[in-house]
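*Asks:* File protein-v1.txt follows (compact mmCIF, C-alpha atoms):
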# COMPACT_ATOMS: atom_id res chain seq x y z
CA MET A 1 21.23 7.31 35.36
CA LYS A 2 23.15 10.56 35.01
CA ARG A 3 22.64 12.74 31.93
CA THR A 4 26.03 11.70 30.47
CA GLU A 5 25.09 8.01 30.86
CA ILE A 6 21.70 8.65 29.26
CA LEU A 7 23.42 10.39 26.32
CA GLU A 8 25.70 7.37 25.82
CA PHE A 9 22.69 5.08 26.02
CA LEU A 10 20.84 7.18 23.40
CA ILE A 11 23.83 7.19 21.06
CA ARG A 12 23.93 3.40 21.24
CA ILE A 13 20.19 3.10 20.46
CA LEU A 14 20.49 5.58 17.59
CA GLN A 15 23.38 3.63 16.12
CA GLU A 16 22.16 0.06 16.68
CA LYS A 17 18.38 0.35 16.33
CA CYS A 18 17.84 3.48 14.23
CA LYS A 19 20.89 2.87 12.00
CA ILE A 20 21.99 6.49 12.33
CA ASN A 21 25.50 7.91 11.97
CA VAL A 22 26.14 9.11 15.53
CA GLU A 23 29.28 11.22 15.04
CA ASN A 24 29.11 14.49 17.00
CA VAL A 25 25.80 13.75 18.73
CA SER A 26 25.34 16.01 21.75
CA GLU A 27 22.41 17.28 23.79
CA SER A 28 21.89 20.11 21.31
CA THR A 29 21.57 17.75 18.32
CA LYS A 30 18.17 18.01 16.62
CA LEU A 31 16.49 14.68 15.93
CA VAL A 32 14.90 15.49 12.59
CA HIS A 33 16.99 18.41 11.36
CA ASP A 34 20.47 17.07 12.24
CA LEU A 35 20.04 13.29 12.46
CA ARG A 36 17.35 13.08 9.74
CA LEU A 37 15.26 10.73 11.88
CA ASP A 38 12.06 9.80 10.06
CA SER A 39 8.79 8.80 11.75
CA VAL A 40 9.78 5.11 11.77
CA ALA A 41 13.11 5.92 13.44
CA LEU A 42 11.46 8.26 15.96
CA LEU A 43 8.99 5.57 17.00
CA THR A 44 11.80 3.01 17.14
CA LEU A 45 13.78 5.33 19.42
CA SER A 46 10.85 5.85 21.82
CA VAL A 47 9.93 2.16 21.95
CA GLU A 48 13.56 1.10 22.54
CA ILE A 49 14.03 3.66 25.33
CA GLU A 50 10.85 2.52 27.05
CA ASN A 51 11.57 -1.18 26.64
CA GLN A 52 15.21 -1.08 27.65
CA LEU A 53 14.85 1.33 30.59
CA GLN A 54 11.40 0.01 31.61
CA ILE A 55 9.96 3.51 31.78
CA VAL A 56 7.06 5.37 30.15
CA LEU A 57 8.00 8.60 28.36
CA LEU A 58 5.37 11.28 28.99
CA ASP A 59 5.79 13.01 25.63
CA ASP A 60 2.99 15.03 24.06
CA PRO A 61 1.95 13.34 20.76
CA GLU A 62 1.08 16.80 19.38
CA GLN A 63 4.54 18.18 20.24
CA PRO A 64 7.09 15.36 19.97
CA PRO A 65 10.62 16.00 21.32
CA GLU A 66 12.82 17.86 18.84
CA SER A 67 16.30 17.47 20.31
CA VAL A 68 18.44 14.94 22.16
CA LYS A 69 18.21 17.27 25.19
CA GLU A 70 14.41 17.04 25.19
CA ILE A 71 14.60 13.22 25.04
CA ILE A 72 17.03 13.19 27.97
CA ASP A 73 14.69 15.50 29.91
CA LEU A 74 11.82 13.09 29.29
CA ILE A 75 13.91 10.13 30.45
CA CYS A 76 14.96 11.99 33.63
CA GLN A 77 11.33 12.93 34.25
CA ALA A 78 10.20 9.30 33.79
CA GLN A 79 12.94 8.02 36.11
CA GLU A 80 11.73 10.35 38.87
CA HIS A 81 8.23 8.84 38.72
CA MET B 1 -6.01 2.84 -28.35
CA SER B 2 -7.01 0.56 -25.48
CA LEU B 3 -10.17 0.90 -23.43
CA ILE B 4 -11.12 0.21 -19.84
CA HIS B 5 -14.58 -1.31 -19.98
CA SER B 6 -15.39 -2.00 -16.33
CA VAL B 7 -14.01 -2.71 -12.87
CA GLU B 8 -15.23 -5.09 -10.17
CA THR B 9 -13.98 -5.32 -6.60
CA LYS B 10 -14.46 -7.75 -3.77
CA LEU B 11 -13.48 -7.49 -0.14
CA ALA B 12 -12.32 -10.38 1.98
CA PRO B 13 -15.22 -11.78 4.03
CA HIS B 14 -14.29 -10.91 7.64
CA CYS B 15 -14.73 -7.23 8.56
CA TYR B 16 -13.27 -5.72 11.75
CA SER B 17 -12.81 -2.25 13.17
CA GLN B 18 -9.25 -0.99 13.55
CA GLU B 19 -9.74 -1.12 17.32
CA GLU B 20 -10.68 -4.83 17.21
CA ILE B 21 -7.65 -5.70 15.07
CA THR B 22 -5.30 -3.64 17.22
CA ARG B 23 -6.64 -5.26 20.42
CA ALA B 24 -6.14 -8.73 18.92
CA LEU B 25 -2.57 -7.86 17.87
CA MET B 26 -1.77 -6.42 21.27
CA SER B 27 -3.07 -9.52 23.01
CA GLN B 28 -0.14 -11.24 21.29
CA TRP B 29 2.36 -8.40 21.42
CA ALA B 30 1.71 -6.35 24.57
CA SER B 31 4.20 -8.31 26.67
CA ASN B 32 6.95 -7.18 24.28
CA TYR B 33 6.31 -3.49 24.91
CA HIS B 34 6.75 -1.69 28.21
CA ASN B 35 4.32 0.97 26.97
CA PRO B 36 1.70 -0.74 24.75
CA GLU B 37 -0.32 2.52 24.76
CA ARG B 38 2.29 4.07 22.44
CA ILE B 39 1.70 1.28 19.94
CA LEU B 40 -2.09 1.60 20.22
CA ARG B 41 -1.82 5.35 19.65
CA PHE B 42 0.37 4.77 16.61
CA GLN B 43 -2.08 2.31 15.08
CA ARG B 44 -4.96 4.77 15.57
CA ASN B 45 -2.96 7.45 13.75
CA VAL B 46 -2.89 5.54 10.46
CA LEU B 47 -6.51 6.75 10.03
CA VAL B 48 -7.87 3.36 9.01
CA GLY B 49 -11.38 2.73 10.37
CA THR B 50 -12.17 -0.80 9.23
CA ARG B 51 -10.40 -3.60 7.43
CA HIS B 52 -11.49 -6.87 5.85
CA LEU B 53 -9.48 -10.00 6.51
CA ALA B 54 -9.32 -13.32 4.68
CA LEU B 55 -9.74 -15.32 7.89
CA PRO B 56 -11.54 -14.77 11.22
CA LEU B 57 -9.27 -12.83 13.60
CA GLU B 58 -8.93 -15.67 16.09
CA GLN B 59 -7.54 -17.98 13.41
CA TYR B 60 -4.42 -15.84 12.98
CA LYS B 61 -3.42 -16.46 16.60
CA THR B 62 -2.80 -20.13 15.99
CA MET B 63 -1.25 -19.96 12.53
CA GLN B 64 2.49 -20.43 12.35
CA GLY B 65 4.95 -20.55 9.50
CA PHE B 66 5.08 -19.66 5.86
CA GLU B 67 3.45 -22.87 4.62
CA ALA B 68 0.33 -22.36 6.73
CA TYR B 69 -0.05 -18.72 5.72
CA ASN B 70 0.62 -19.31 2.03
CA SER B 71 -1.71 -22.32 1.87
CA ALA B 72 -4.42 -20.20 3.51
CA TRP B 73 -3.71 -17.51 0.89
CA ILE B 74 -4.35 -19.92 -2.00
CA GLU B 75 -7.42 -21.42 -0.32
CA ALA B 76 -8.93 -17.96 0.18
CA ALA B 77 -7.77 -16.36 -3.08
CA VAL B 78 -9.20 -18.91 -5.52
CA PRO B 79 -12.90 -18.70 -4.47
CA LEU B 80 -12.71 -14.93 -3.92
CA THR B 81 -11.27 -14.23 -7.37
CA THR B 82 -13.52 -16.78 -9.07
CA GLU B 83 -16.60 -14.96 -7.78
CA LEU B 84 -15.05 -11.60 -8.63
CA VAL B 85 -14.22 -12.47 -12.24
CA ARG B 86 -17.57 -14.20 -12.72
CA THR B 87 -19.33 -10.99 -11.65
CA LEU B 88 -17.10 -8.89 -13.93
CA LEU B 89 -17.92 -11.10 -16.92
CA ASP B 90 -21.65 -11.29 -16.08
CA HIS B 91 -21.93 -7.51 -15.90
CA ALA B 92 -20.16 -7.18 -19.25
CA GLU B 93 -22.30 -9.99 -20.73
CA LEU B 94 -19.13 -11.67 -21.89
CA ASP B 95 -18.20 -15.36 -21.74
CA ALA B 96 -14.96 -16.39 -20.10
CA ALA B 97 -14.05 -18.09 -23.38
CA GLU B 98 -14.02 -14.67 -25.09
CA ILE B 99 -11.13 -13.42 -22.95
CA ASN B 100 -7.79 -13.53 -24.76
CA LEU B 101 -5.46 -12.57 -21.92
CA ILE B 102 -5.60 -12.75 -18.12
CA ALA B 103 -2.92 -10.88 -16.25
CA SER B 104 -2.63 -11.22 -12.50
CA THR B 105 -0.77 -9.17 -9.95
CA THR B 106 -0.09 -9.93 -6.31
CA VAL B 107 2.62 -9.49 -3.75
CA THR B 108 1.06 -11.29 -0.78
CA GLY B 109 1.08 -14.95 -1.75
CA ILE B 110 3.02 -17.34 -3.93
CA ALA B 111 1.18 -19.81 -6.13
CA VAL B 112 2.58 -22.05 -8.83
CA PRO B 113 0.54 -22.59 -10.96
CA SER B 114 -0.26 -18.92 -10.52
CA ILE B 115 -3.62 -17.60 -9.43
CA GLU B 116 -5.00 -16.90 -12.92
CA ALA B 117 -4.07 -20.46 -13.96
CA ARG B 118 -6.14 -21.76 -11.06
CA LEU B 119 -9.00 -19.58 -12.26
CA MET B 120 -8.90 -21.41 -15.57
CA ASN B 121 -9.98 -24.50 -13.65
CA THR B 122 -12.90 -22.75 -11.97
CA LEU B 123 -14.23 -20.69 -14.90
CA PRO B 124 -14.70 -21.80 -18.53
CA PHE B 125 -11.85 -19.88 -20.15
CA SER B 126 -10.56 -21.00 -23.53
CA ARG B 127 -7.52 -23.27 -23.29
CA GLN B 128 -5.77 -20.82 -25.63
CA THR B 129 -6.12 -17.92 -23.18
CA LYS B 130 -2.80 -16.21 -22.65
CA ARG B 131 -1.66 -15.72 -19.04
CA MET B 132 0.62 -13.07 -17.58
CA PRO B 133 1.32 -13.45 -13.82
CA MET B 134 3.11 -10.49 -12.25
CA MET B 135 4.60 -11.00 -8.81
CA GLY B 136 6.45 -8.35 -6.86
CA LEU B 137 5.09 -5.08 -8.18
CA GLY B 138 3.44 -4.46 -4.81
CA CYS B 139 1.35 -1.31 -4.50
CA LEU B 140 2.40 -0.40 -8.02
CA GLY B 141 0.71 -3.47 -9.49
CA GLY B 142 -2.79 -2.05 -10.00
CA VAL B 143 -1.66 0.76 -12.29
CA ALA B 144 1.36 -1.09 -13.76
CA GLY B 145 -0.76 -4.17 -14.49
CA LEU B 146 -3.44 -2.10 -16.14
CA ASN B 147 -0.81 -0.31 -18.24
CA ARG B 148 0.84 -3.54 -19.38
CA VAL B 149 -2.52 -5.01 -20.42
CA CYS B 150 -3.35 -1.83 -22.33
CA ASP B 151 0.04 -2.08 -24.06
CA TYR B 152 -0.91 -5.62 -25.12
CA LEU B 153 -4.29 -4.44 -26.44
CA LYS B 154 -2.58 -1.88 -28.66
CA ALA B 155 -0.96 -4.82 -30.42
CA TYR B 156 -4.16 -6.89 -30.44
CA PRO B 157 -7.01 -4.37 -30.94
CA LYS B 158 -9.68 -7.06 -31.35
CA HIS B 159 -8.84 -8.75 -28.04
CA ALA B 160 -10.40 -8.59 -24.57
CA ALA B 161 -8.26 -8.92 -21.46
CA ILE B 162 -8.63 -9.02 -17.69
CA LEU B 163 -6.29 -7.67 -15.05
CA LEU B 164 -6.79 -9.52 -11.78
CA SER B 165 -5.34 -8.17 -8.56
CA VAL B 166 -5.58 -10.15 -5.35
CA GLU B 167 -3.92 -9.01 -2.16
CA LEU B 168 -4.54 -10.84 1.10
CA CYS B 169 -2.09 -8.76 3.10
CA SER B 170 -3.16 -10.21 6.45
CA LEU B 171 -1.72 -13.56 5.35
CA THR B 172 1.77 -12.08 5.32
CA HIS B 173 1.46 -11.37 9.07
CA GLN B 174 4.68 -11.95 11.01
CA SER B 175 3.67 -12.55 14.60
CA MET B 176 7.28 -12.66 15.87
CA ASP B 177 8.46 -9.49 14.12
CA MET B 178 8.36 -6.64 16.65
CA SER B 179 9.96 -4.13 14.27
CA ILE B 180 8.30 -0.77 13.76
CA PRO B 181 7.80 -1.37 10.00
CA ASN B 182 5.84 -4.51 10.91
CA LEU B 183 3.76 -2.52 13.39
CA ILE B 184 2.95 -0.04 10.63
CA ALA B 185 2.08 -2.81 8.17
CA SER B 186 -0.10 -4.55 10.76
CA GLY B 187 -2.00 -1.32 11.30
CA LEU B 188 -2.42 -0.38 7.68
CA PHE B 189 -2.95 -3.29 5.33
CA GLY B 190 -6.22 -5.05 4.48
CA ASP B 191 -7.45 -7.81 2.17
CA GLY B 192 -9.34 -7.52 -1.09
CA CYS B 193 -9.25 -8.20 -4.80
CA ALA B 194 -10.20 -6.37 -7.97
CA ALA B 195 -10.52 -7.14 -11.65
CA VAL B 196 -10.58 -4.85 -14.68
CA LEU B 197 -11.98 -5.73 -18.09
CA MET B 198 -10.12 -4.02 -20.92
CA VAL B 199 -10.60 -4.25 -24.66
CA GLY B 200 -8.83 -3.15 -27.81
CA GLU B 201 -10.32 -0.42 -29.97
CA GLU B 202 -11.72 -2.87 -32.54
CA HIS B 203 -13.47 -5.04 -29.94
CA PRO B 204 -17.33 -4.86 -29.89
CA LEU B 205 -17.23 -3.58 -26.28
CA ALA B 206 -14.95 -0.67 -27.16
CA THR B 207 -17.80 1.79 -27.61
CA LYS B 208 -19.41 0.67 -24.35
CA SER B 209 -16.26 1.22 -22.33
CA ARG B 210 -15.98 3.82 -19.56
CA LEU B 211 -12.41 5.01 -20.07
CA ARG B 212 -10.06 5.48 -22.95
CA TRP B 213 -6.46 4.74 -21.93
CA LEU B 214 -4.20 7.29 -23.58
CA ASP B 215 -0.64 6.67 -22.44
CA SER B 216 1.50 5.38 -19.56
CA ARG B 217 4.75 6.24 -17.85
CA SER B 218 7.02 4.06 -15.70
CA ALA B 219 9.65 5.73 -13.54
CA PHE B 220 12.35 3.89 -11.59
CA PHE B 221 14.36 5.61 -8.85
CA ASN B 222 17.85 4.13 -8.62
CA GLY B 223 19.35 3.26 -5.25
CA THR B 224 16.08 3.02 -3.36
CA GLU B 225 15.86 -0.75 -3.02
CA ARG B 226 15.44 -0.68 0.78
CA VAL B 227 12.60 1.84 0.80
CA MET B 228 9.88 -0.78 0.46
CA GLY B 229 9.61 -4.51 -0.13
CA TRP B 230 9.87 -7.90 1.49
CA ASP B 231 12.78 -9.74 3.01
CA MET B 232 11.95 -13.39 2.39
CA VAL B 233 12.64 -15.20 5.68
CA ASP B 234 11.84 -18.67 7.01
CA SER B 235 8.53 -17.43 8.41
CA GLY B 236 7.54 -15.79 5.12
CA PHE B 237 7.26 -12.13 4.12
CA LYS B 238 9.11 -9.74 6.46
CA VAL B 239 8.19 -6.19 5.59
CA VAL B 240 10.76 -3.58 4.54
CA LEU B 241 9.25 -0.12 4.90
CA SER B 242 10.90 3.25 5.28
CA SER B 243 9.24 6.59 5.78
CA GLU B 244 11.34 7.81 2.86
CA VAL B 245 8.28 6.81 0.82
CA SER B 246 6.59 10.15 1.46
CA GLN B 247 9.87 12.03 0.79
CA LEU B 248 10.20 10.26 -2.55
CA VAL B 249 6.63 11.16 -3.43
CA GLU B 250 7.45 14.82 -2.78
CA GLN B 251 10.80 14.71 -4.59
CA GLU B 252 10.00 12.61 -7.62
CA LEU B 253 6.30 12.63 -8.41
CA PRO B 254 5.69 16.26 -9.46
CA SER B 255 8.45 16.41 -12.10
CA GLU B 256 7.64 12.93 -13.40
CA LEU B 257 3.93 13.69 -13.72
CA ASP B 258 4.56 17.09 -15.28
CA ASP B 259 6.97 15.66 -17.85
CA PHE B 260 4.56 12.82 -18.66
CA LEU B 261 1.71 15.27 -19.14
CA LYS B 262 3.91 17.56 -21.24
CA CYS B 263 4.81 14.65 -23.55
CA ASN B 264 1.07 14.31 -24.14
CA ASN B 265 0.59 18.07 -24.64
CA TYR B 266 -1.16 18.51 -21.31
CA SER B 267 -0.33 20.16 -18.01
CA ARG B 268 -1.42 19.48 -14.43
CA SER B 269 -4.26 22.00 -14.66
CA ASP B 270 -5.86 19.90 -17.43
CA LEU B 271 -6.45 16.99 -15.05
CA GLN B 272 -10.03 16.78 -13.83
CA PHE B 273 -9.70 13.65 -11.70
CA ILE B 274 -6.93 11.54 -10.19
CA VAL B 275 -7.08 7.88 -9.21
CA ALA B 276 -4.26 7.49 -6.70
CA HIS B 277 -3.15 4.47 -4.72
CA PRO B 278 -3.99 5.09 -1.05
CA GLY B 279 -0.63 4.02 0.39
CA GLY B 280 -1.17 5.62 3.78
CA PRO B 281 -1.99 8.96 5.35
CA LYS B 282 1.55 10.34 4.98
CA VAL B 283 1.79 9.29 1.34
CA LEU B 284 -1.56 10.85 0.44
CA THR B 285 -0.71 14.04 2.31
CA ALA B 286 2.67 14.19 0.54
CA MET B 287 0.91 13.70 -2.81
CA GLU B 288 -1.59 16.47 -2.10
CA THR B 289 1.17 18.85 -1.02
CA ALA B 290 3.68 18.01 -3.75
CA LEU B 291 1.15 18.16 -6.57
CA ALA B 292 -0.73 21.12 -5.04
CA LEU B 293 -4.02 19.24 -5.32
CA ASP B 294 -7.21 20.53 -3.79
CA GLU B 295 -8.82 17.98 -1.48
CA ARG B 296 -11.47 16.75 -3.93
CA PHE B 297 -8.80 15.06 -6.11
CA LEU B 298 -7.80 12.45 -3.54
CA GLU B 299 -11.10 12.30 -1.66
CA LYS B 300 -11.83 8.78 -2.94
CA SER B 301 -8.34 7.58 -2.08
CA TRP B 302 -8.74 8.87 1.48
CA ARG B 303 -12.14 7.17 1.73
CA SER B 304 -10.71 3.88 0.49
CA LEU B 305 -7.91 4.09 3.06
CA ARG B 306 -10.36 4.79 5.89
CA GLU B 307 -12.81 2.05 4.93
CA PHE B 308 -10.51 -0.74 3.76
CA GLY B 309 -6.89 0.11 4.63
CA ASN B 310 -4.12 -0.32 2.08
CA MET B 311 -4.83 -3.42 -0.04
CA SER B 312 -1.64 -3.05 -2.07
CA SER B 313 -2.22 -3.40 -5.83
CA SER B 314 -5.99 -3.85 -5.40
CA SER B 315 -6.53 -0.52 -3.65
CA VAL B 316 -6.09 1.76 -6.64
CA LEU B 317 -8.61 -0.39 -8.54
CA PHE B 318 -11.13 0.08 -5.70
CA VAL B 319 -10.57 3.84 -6.11
CA LEU B 320 -11.01 3.45 -9.88
CA LYS B 321 -14.33 1.64 -9.39
CA ASP B 322 -15.47 4.32 -6.95
CA THR B 323 -14.50 6.97 -9.53
CA LEU B 324 -16.54 5.22 -12.22
CA GLU B 325 -19.62 5.14 -9.94
CA GLY B 326 -19.90 8.82 -10.84
CA SER B 327 -19.65 10.34 -14.29
CA VAL B 328 -16.24 11.13 -15.73
CA ALA B 329 -17.45 11.41 -19.33
CA GLY B 330 -15.44 14.01 -21.22
CA GLN B 331 -12.92 14.40 -18.39
CA LEU B 332 -9.17 13.86 -18.45
CA GLY B 333 -7.71 11.91 -15.54
CA ALA B 334 -4.57 10.19 -14.34
CA MET B 335 -3.82 7.10 -12.30
CA LEU B 336 -0.84 7.20 -9.93
CA ALA B 337 0.85 4.55 -7.81
CA MET B 338 4.26 4.03 -6.27
CA GLY B 339 5.75 0.79 -5.09
CA PRO B 340 8.81 -1.38 -4.45
CA GLY B 341 11.79 -0.53 -6.59
CA PHE B 342 11.25 2.23 -5.58
CA CYS B 343 9.29 3.41 -8.57
CA ALA B 344 6.16 5.07 -9.88
CA GLU B 345 3.62 4.13 -12.51
CA LEU B 346 1.32 6.66 -14.12
CA ASN B 347 -1.24 6.74 -16.85
CA LEU B 348 -3.52 9.15 -18.60
CA ILE B 349 -7.19 8.24 -19.07
CA TYR B 350 -10.18 9.93 -20.64
CA GLY B 351 -13.78 9.40 -19.56
CA MET B 352 -16.39 8.10 -21.99
CA ASP B 353 -20.11 7.76 -21.34
CA GLY B 354 -20.00 4.01 -22.00
CA SER B 355 -23.23 3.93 -24.01
CA GLU B 356 -22.10 4.84 -27.52
Have the structure of the file written as structure tokens, please.
*Replies:*
Amino acid sequence: MKRTEILEFLIRILQEKCKINVENVSESTKLVHDLRLDSVALLTLSVEIENQLQIVLLDDPEQPPESVKEIIDLICQAQEH
Amino acid sequence: MSLIHSVETKLAPHCYSQEEITRALMSQWASNYHNPERILRFQRNVLVGTRHLALPLEQYKTMQGFEAYNSAWIEAAVPLTTELVRTLLDHAELDAAEINLIASTTVTGIAVPSIEARLMNTLPFSRQTKRMPMMGLGCLGGVAGLNRVCDYLKAYPKHAAILLSVELCSLTHQSMDMSIPNLIASGLFGDGCAAVLMVGEEHPLATKSRLRWLDSRSAFFNGTERVMGWDMVDSGFKVVLSSEVSQLVEQELPSELDDFLKCNNYSRSDLQFIVAHPGGPKVLTAMETALALDERFLEKSWRSLREFGNMSSSSVLFVLKDTLEGSVAGQLGAMLAMGPGFCAELNLIYGMDGSE
């Protein structure tokens, strides 16, 4: 998947599974600060990405991704494996 | 003024480590997750070490449907609470027939006749005993139930009353619900029951009581209905849980507690102990931060969470019993719990030596 396709995919997950208002979501959007994702929504997002794309995100539990860009980077990294 | 004479607690009979419960859950659920390790990691992070369950773990694998779970709830709850209340009465050297009111609180099973009515068939209560079943208060029920009974005892100062809390959270398990709130609930909640004996100030046990109940405060937060609760579905209780819980603790609890204390001519610095419902690690951390508590205040709540998990309304009564194992004579304390509504329930208590 290209980065633009991944962004579209993420917007759909955020809207359908995390119940988030996805207006103006871009790579620079911050997950907690801008989208107000709570811990339940963040876990939902990770689980849905992994289940739907059949990948394993190699995120550091001590330093979870902060922006949409960082999530896309993790997805690209997982797809290369 | 009403008095809290004594507290008894009882855990469900089957004890498992968090790892054992998580492994059993994942044996059912792993095929639904591409990365089960993420789920395992999440369940470890709730900081629960062991939990007690009403049934052996393997029995949950074959149970299906609301009827099976709710029937198991009644079958387990009646003998557990009978033994619990018998112990409470024995320790107080009181006959069941001397109890004027039994209130019960639960959010994990439905019984009609309610659980305290069933107790009247297993213990020799007077046929004139008043009953007050409270369903739906959730984690709030321990403190709210205690407060409502103390309200009653203000009106009937010669009476004795019992609050019974029974929460067999494992019997609300939804094996087909793969939602994250259900994952959290499956990692956090345990089974237990607790009972509190309370008396009015003119009752003979008043001077032997451990705590004087001074006042209570209920606080309801409008527009927060979806923060916590159940959706009742064909398979039973489907959990509604949002991580807004910890935000609400931070936003609402300090001002509510401060105002409540002020109405009683106290301030936060006058509190020498706090009996708080151990909702989960985030809730306890939020409470410590928002109320600027040093770690000793919630130490017993953290211990209860680690050792037993969140047992809904029963948990805060386990913490109360643990508190009374030590001496609180001459100390001012508060009980705090939050639950579905979303709302908070508080009270102010004062330690007595129990031997006057």
*Asks:* Quick one: residues within 9 Å of region 51-56 of chain A, only C-alpha atoms, excluding same-chain residues fewer than 3 positions away - as a list in words?
*Replies:* Ser46, Val47, Glu48, Asp59, Ile75, Ala78, Gln79 and His81 of chain A; Asn32, Tyr33, His34 and Asn35 of chain B
*Asks:* May I ask for the distance between CA of Cys139 (chain B) and CA of Cys169 (chain B), given in Å to one decimal place?
*Replies:*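 Going from CA of Cys139 (chain B) over to CA of Cys169 (chain B), I get 11.2 Å.
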*Asks:* Report the closest atom pair, with its distance in Å rounded to one decimal, for each residue of chain B that has an atom no farther than 10 Å from chain A; count all atoms listed in the file, sort by chain and then rising residue number, and write it as a Markdown table.
*Replies:*
| residue | atom | partner | partner_atom | distance |
| --- | --- | --- | --- | --- |
| B:Asn32 | CA | A:Asn51 | CA | 7.9 |
| B:Tyr33 | CA | A:Asn51 | CA | 6.0 |
| B:His34 | CA | A:Asn51 | CA | 5.1 |
| B:Asn35 | CA | A:Val56 | CA | 6.1 |
| B:Pro36 | CA | A:Val47 | CA | 9.2 |
| B:Glu37 | CA | A:Val56 | CA | 9.6 |
| B:Arg38 | CA | A:Val47 | CA | 7.9 |
| B:Ile39 | CA | A:Val47 | CA | 8.5 |
| B:Arg41 | CA | A:Pro61 | CA | 8.9 |
| B:Phe42 | CA | A:Leu43 | CA | 8.7 |
| B:Ser179 | CA | A:Thr44 | CA | 7.9 |
| B:Ile180 | CA | A:Thr44 | CA | 6.2 |
| B:Pro181 | CA | A:Val40 | CA | 7.0 |
| B:Leu183 | CA | A:Val40 | CA | 9.9 |
| B:Ile184 | CA | A:Val40 | CA | 8.6 |
| B:Leu241 | CA | A:Val40 | CA | 8.7 |
| B:Ser242 | CA | A:Val40 | CA | 6.8 |
| B:Ser243 | CA | A:Asp38 | CA | 6.0 |
| B:Glu244 | CA | A:Asp38 | CA | 7.5 |
| B:Gln247 | CA | A:Asp38 | CA | 9.8 |
*Asks:* Given the selection you just returned, output its residues as a file containing C-alpha atoms, formatted as a short mmCIF file (atom, residue, chain, number, x, y, z; two decimals), keeping the file's coordinate frame.
*Replies:*
data_model
loop_
_atom_site.label_atom_id
_atom_site.label_comp_id
_atom_site.auth_asym_id
_atom_site.auth_seq_id
_atom_site.Cartn_x
_atom_site.Cartn_y
_atom_site.Cartn_z
CA ASN B 32 6.95 -7.18 24.28
CA TYR B 33 6.31 -3.49 24.91
CA HIS B 34 6.75 -1.69 28.21
CA ASN B 35 4.32 0.97 26.97
CA PRO B 36 1.70 -0.74 24.75
CA GLU B 37 -0.32 2.52 24.76
CA ARG B 38 2.29 4.07 22.44
CA ILE B 39 1.70 1.28 19.94
CA ARG B 41 -1.82 5.35 19.65
CA PHE B 42 0.37 4.77 16.61
CA SER B 179 9.96 -4.13 14.27
CA ILE B 180 8.30 -0.77 13.76
CA PRO B 181 7.80 -1.37 10.00
CA LEU B 183 3.76 -2.52 13.39
CA ILE B 184 2.95 -0.04 10.63
CA LEU B 241 9.25 -0.12 4.90
CA SER B 242 10.90 3.25 5.28
CA SER B 243 9.24 6.59 5.78
CA GLU B 244 11.34 7.81 2.86
CA GLN B 247 9.87 12.03 0.79
#
*Asks:* Can you tell me, as a list in words, what residues are no more than 12 Å from Leu35 (chain A) when counting all atoms listed in the file, ignoring any on the same chain fewer than 4 positions away?
*Replies:*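 Once the nearby chain positions are removed, what remains is Ile11, Leu14, Gln15, Cys18, Lys19, Ile20, Asn21, Val22, Glu23, Asn24, Val25, Ser26, Ser28, Thr29, Lys30, Leu31, Ala41, Leu42, Glu66, Ser67 and Val68 of chain A.
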*Asks:* CA of Asp294 (chain B) and CA of Asn265 (chain B) are how many Å apart?
*Replies:*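 Here the two named atoms are 22.4 Å from each other.
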*Asks:* Would you mind reading off the distance between CA of Thr62 (chain B) and CA of Arg23 (chain B), one decimal, in Å?
*Replies:* 16.0 Å
